[in-house]
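Undergrad: Please read through the structure below; I'll follow up with questions.
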Amino acid sequence: MTDPFDPTPADRFTFGLWTVGNPGADPFGAPVRRRIPPERILERLAAAGAWGVNLHDNDLVPFGASAAERDRIVAEFQRALAATGLCVPMATTNLFSHPVFRDGAFTASDPKVRAFAVRKAMAGIELGVELGARTIVFWGGREGVETDAARDPRDAIAWYRECLDLLCGWVKEQGWELRFALEAKPNEPRGDIYLATTGHMLHFITTLAHPEMCGVNPEVAHENMPGLSMVHAVAQAMECGKLFHIDLNAQKIGRYDQDLRFGSEDLKGAFFLVRLLEGTNGRPAYDGPRHFDAHAYRTEDEEGVWDFARGCMRTYKILAARARAFDADEEARQILAATHADPDGVAELLRLPPAEAATALAGLDLDPDALAAAGRRYERLDQIALEHLLGA
Ligand code: GCO
Ligand code: MN
Ligand code: MN
């Protein structure tokens, strides 16, 4: 019998080359794992049931490679993709590793650095298009400062916009059907990164020249670092049609960016996140790839990396099953039906034109003490959720 929680390509799970390929270096220690050749990454991911693989330009093509070298590497990678059946749904550009980006990429004060960043992003997008990617992620790791003496943050935001507007316009002129997904992070590697949360990004997108092309790529760790709710960030993005991609991982609140195996911290947060993404309560589901931007513990050798990858996918599927069970739970449904009940059709009144609404509301018999009286039974509701989550 097959295990229902073993992943299959139909689940549309993806990993970055940089995630399973992470060699385990940290600011205090050298790499602990050898580089896994991209071909082996593809073979192992396909064998584990993943659907696709994502990459930064320089995960595949070394910085500064000649055109011939690039084409040779890309052709070899395409053969490996064909052999394993994996796809590349998302591509991104490394605008943070090279020292040229020490003062930012799109927000660097030096216009030549901004020009270099845009040129590199164009090449990264071309690579993505060649590999069949439909989504381009922008994570501005270096787009920030240690000191605000360096520049006026309003200039940084305006330059960020200029670069994205230019790239959107260029993609449209090329006739490519691509979407940009902007990924926020509050800090690290910079002391402060501009547009620190998914919420900041959602507003920034409304100021762009091609807002319809741009959405967000929220990451669990990045919302949890400052103690924010990933579930609420993702819900806000879904509610306005802007969840273009997602970075699933885990994080202890308030720490450095840990990028841990999905579900390995804040299991309850992961449960409600999967419930939201899968639409188990009957609401529209997220239809993009389920991407894991995480890496194995530094304690692991390569086998541990594949344990890690399998763990991310299995936990997601198990949580989806638990969420479905919770949403089908009769007692939970009754509690929710009671708290949402509207026997007098009051919700409609709040959707009337303002003057009519004001009259209708004035005519309502609303007794705040009576409305305040009943408990909401969320202790019981949450316990039901937990018992499903725990498989009790
Ligand atoms: C991080 C980021 C990155 C990005 C990646 C894709 O914290 O290191 O999350 O992993 O997601 O660069 O843009
Ligand atoms: Mn990420
Ligand atoms: Mn991260």
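We label chains A, B, ... in the order they appear in the structure tokens, count residues from 1 in each chain, and number ligands from 1 in the order shown.
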Do you know which residues are at most 7 Å from Trp51 in chain A counting only C-alpha atoms, after dropping those on the same chain fewer than 2 positions away, and could you put them as a PyMOL selection string?
TA: chain A and resi 9+12-14+46+49+86-87
Undergrad: So which residues touch Ser97 in chain A within 12 Å, counting only C-alpha atoms, skipping near sequence neighbours fewer than 3 positions away, as number ranges by chain?
TA: A: 56-59, 62-63, 93-94, 100-105, 117, 140-142, 189
Undergrad: Taking only C-alpha atoms and all ligand atoms into account, produce a table as JSON lines in which each residue of chain A with an atom at most 6 Å from an atom of ligand 1 appears once, together with its shortest atom pair and the distance in Å to one decimal, ordered by chain and rising number.
TA:
{"residue": "A:Thr92", "atom": "CA", "partner": "ligand 1", "partner_atom_place_in_ligand_line": "13 (O)", "distance": 5.5}
{"residue": "A:Val137", "atom": "CA", "partner": "ligand 1", "partner_atom_place_in_ligand_line": "13 (O)", "distance": 5.4}
{"residue": "A:Phe138", "atom": "CA", "partner": "ligand 1", "partner_atom_place_in_ligand_line": "13 (O)", "distance": 5.5}
{"residue": "A:Trp139", "atom": "CA", "partner": "ligand 1", "partner_atom_place_in_ligand_line": "13 (O)", "distance": 4.4}
{"residue": "A:Asp293", "atom": "CA", "partner": "ligand 1", "partner_atom_place_in_ligand_line": "10 (O)", "distance": 5.7}
Undergrad: Given the choices A:His222, A:Arg275, A:Arg72, A:His232, which gets closest to ligand 2 if the distance is worked out from only C-alpha atoms and all ligand atoms?
TA: A:His222
Undergrad: Select, from A:Val305, A:Ala68, A:Leu164, A:Ala196, the residue with the minimum atom-to-atom distance to Val20 in chain A, counting only C-alpha atoms.
TA: A:Val305
Undergrad: Just list as a list of chain:residue names whatever in range 53-213 of chain A DSSP marks as strand (DSSP E or B).
TA: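 Those residues are A:Val53, A:Asn54, A:Leu55, A:His56, A:Cys87, A:Met90, A:Ala91, A:Thr92, A:Thr135, A:Ile136, A:Val137, A:Phe138, A:Trp139, A:Gly144, A:Val145, A:Arg179, A:Phe180, A:Ala181, A:Leu182, A:Glu183, A:Asp192, A:Ile193.
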Undergrad: For C-alpha atoms, I'd like the residues from the last selection saved as an mmCIF file, in the first residue's frame.
TA:
data_model
loop_
_atom_site.group_PDB
_atom_site.id
_atom_site.type_symbol
_atom_site.label_atom_id
_atom_site.label_comp_id
_atom_site.auth_asym_id
_atom_site.auth_seq_id
_atom_site.Cartn_x
_atom_site.Cartn_y
_atom_site.Cartn_z
ATOM 1 C CA VAL A 53 13.095 23.111 -8.978
ATOM 2 C CA ASN A 54 13.789 26.836 -8.749
ATOM 3 C CA LEU A 55 17.070 28.659 -9.028
ATOM 4 C CA HIS A 56 19.060 31.857 -8.845
ATOM 5 C CA CYS A 87 10.078 21.742 -14.329
ATOM 6 C CA MET A 90 10.323 30.108 -10.786
ATOM 7 C CA ALA A 91 13.665 31.791 -11.348
ATOM 8 C CA THR A 92 15.385 34.594 -9.494
ATOM 9 C CA THR A 135 7.360 33.571 -12.049
ATOM 10 C CA ILE A 136 10.378 35.744 -11.299
ATOM 11 C CA VAL A 137 11.079 36.326 -7.616
ATOM 12 C CA PHE A 138 12.803 39.447 -6.357
ATOM 13 C CA TRP A 139 14.300 39.172 -2.900
ATOM 14 C CA GLY A 144 18.753 48.289 3.035
ATOM 15 C CA VAL A 145 21.183 50.027 5.335
ATOM 16 C CA ARG A 179 4.821 37.613 -13.188
ATOM 17 C CA PHE A 180 7.106 39.206 -10.606
ATOM 18 C CA ALA A 181 6.810 38.092 -6.974
ATOM 19 C CA LEU A 182 8.399 40.467 -4.447
ATOM 20 C CA GLU A 183 9.749 38.914 -1.254
ATOM 21 C CA ASP A 192 17.244 47.144 8.115
ATOM 22 C CA ILE A 193 15.863 46.092 4.757
#
Undergrad: Collect all residues with atoms no farther than 9 Å from ligand 2, counting only C-alpha atoms and all ligand atoms, and output them as number ranges by chain.
TA: A: 139, 183-185, 217-222, 246-249, 259, 292-294
Undergrad: Which of these, A:Asp152, A:Asp369, A:Asp287, A:Asp342, has the shortest distance to Ala10 in chain A once you count only C-alpha atoms?
TA: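 Closest residue, counting only C-alpha atoms: A:Asp287.
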Undergrad: When DSSP works through the backbone of this structure, what residues of range 238-309 of chain A end up as alpha helix (DSSP H), shown as a PDB file with C-alpha atoms, in the first residue's frame?
TA:
ATOM      1  CA  MET A 238      -4.728  36.088  -1.347  1.00  0.00           C
ATOM      2  CA  GLU A 239      -7.623  38.396  -0.639  1.00  0.00           C
ATOM      3  CA  LEU A 267       3.267  23.671  14.017  1.00  0.00           C
ATOM      4  CA  LYS A 268      -0.025  25.389  14.728  1.00  0.00           C
ATOM      5  CA  GLY A 269       0.954  28.336  12.505  1.00  0.00           C
ATOM      6  CA  ALA A 270       1.884  25.825   9.785  1.00  0.00           C
ATOM      7  CA  PHE A 271      -1.478  24.076  10.204  1.00  0.00           C
ATOM      8  CA  PHE A 272      -3.483  27.277   9.705  1.00  0.00           C
ATOM      9  CA  LEU A 273      -1.220  28.290   6.823  1.00  0.00           C
ATOM     10  CA  VAL A 274      -1.764  25.002   4.976  1.00  0.00           C
ATOM     11  CA  ARG A 275      -5.488  25.240   5.702  1.00  0.00           C
ATOM     12  CA  LEU A 276      -5.520  28.685   4.090  1.00  0.00           C
ATOM     13  CA  LEU A 277      -3.449  27.640   1.063  1.00  0.00           C
ATOM     14  CA  GLU A 278      -5.472  24.492   0.451  1.00  0.00           C
ATOM     15  CA  GLU A 302      23.689  14.571   2.202  1.00  0.00           C
ATOM     16  CA  GLU A 303      21.331  11.800   3.309  1.00  0.00           C
ATOM     17  CA  GLY A 304      20.048  14.195   5.967  1.00  0.00           C
ATOM     18  CA  VAL A 305      19.296  16.684   3.209  1.00  0.00           C
ATOM     19  CA  TRP A 306      16.957  14.189   1.530  1.00  0.00           C
ATOM     20  CA  ASP A 307      15.359  13.406   4.919  1.00  0.00           C
ATOM     21  CA  PHE A 308      14.804  17.145   5.250  1.00  0.00           C
ATOM     22  CA  ALA A 309      13.231  17.485   1.778  1.00  0.00           C
TER      23      ALA A 309
END
